[in-house]
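Chemist: There's a structure below that I have some questions on.
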Amino acid sequence: MDDVVLSEEQAHIVAHALGPVNVRDPRGNVLGRIEPRLTPELIAELRRRASSPGPRYSGAQVQARLRALQAEWDRLGGFDEAYMREFLTRLNQSDPGYMRPRDAAG
C-alpha cells in the first residue's frame with residue numbers, strides 16, 4: 001500500500017475535523033474522504049456544541065450572507081470591519097428571514 005504524507009497544516013485540519021474531510025486533487029476532484037475518529041472526547045465536544053445556546057444558521061443562510069457581503073464589497077471596492085458589521089446589521093433588519101438565524105426568524 002502506498003502512503004501519502006500530509007503537511008503539518010493538512011494533518012492539523014484532519015486531526016481537528018469534527019466531520020468528514022474530502023481529499024481533492026489540484027483540479028478539485030474528490031479523491032477520497034477521511035472520516036473522523038469518534039473518540040469519547042469528540043463525542044463530548046459534539047454534544048456540548050449541540051446543546052450550546054446561540055443562533056443556528058443553515059448552509060443556505062451562510063451562503064446568502066457571504067454573497068451579499070461579496071456584492072457589497074464589489075460595489076464599494078472594499079470596506080473595513082466597522083462597515084461590515086453595520087452592513088450585516090442592516091441586512092438582518094431588512095431581510096425576509098432567509099439570512100436570519102433559524103431561532104430568530106419570524
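Residue numbering restarts at 1 in every chain; chains get A, B, ... in the order shown in the C-alpha cells, and ligands count up from 1 in that same order.
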As JSON, numbers by chain, please: the residues near Trp73 of chain A (cut-off 12 Å, only C-alpha atoms, same-chain neighbours under 6 positions excluded).
Modeler: {"A": [66, 67, 79, 80, 81, 83, 84, 87]}
Chemist: Taking 4 positions as the minimum chain separation for residues in the same chain, which residues sit within 8 Å of segment 29-44 of chain A when counting only C-alpha atoms? Answer as an MDAnalysis selection string.
Modeler: chainID A and resid 14:15 17:25 48
Chemist: Check the smallest atom-to-atom distance from each of A:Val4, A:Ala68, A:Leu76, A:Ala82 to Asp95 of chain A using only C-alpha atoms, then report the winner.
Modeler: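 Once distances to Asp95 of chain A are computed over only C-alpha atoms, the minimum belongs to A:Ala68.
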Chemist: DSSP on the backbone, alpha helix (DSSP H) only: what residues of chain A does that give? Format it as an NGL selection string.
Modeler: :A and (8-16 or 40-51 or 59-76 or 81-94)
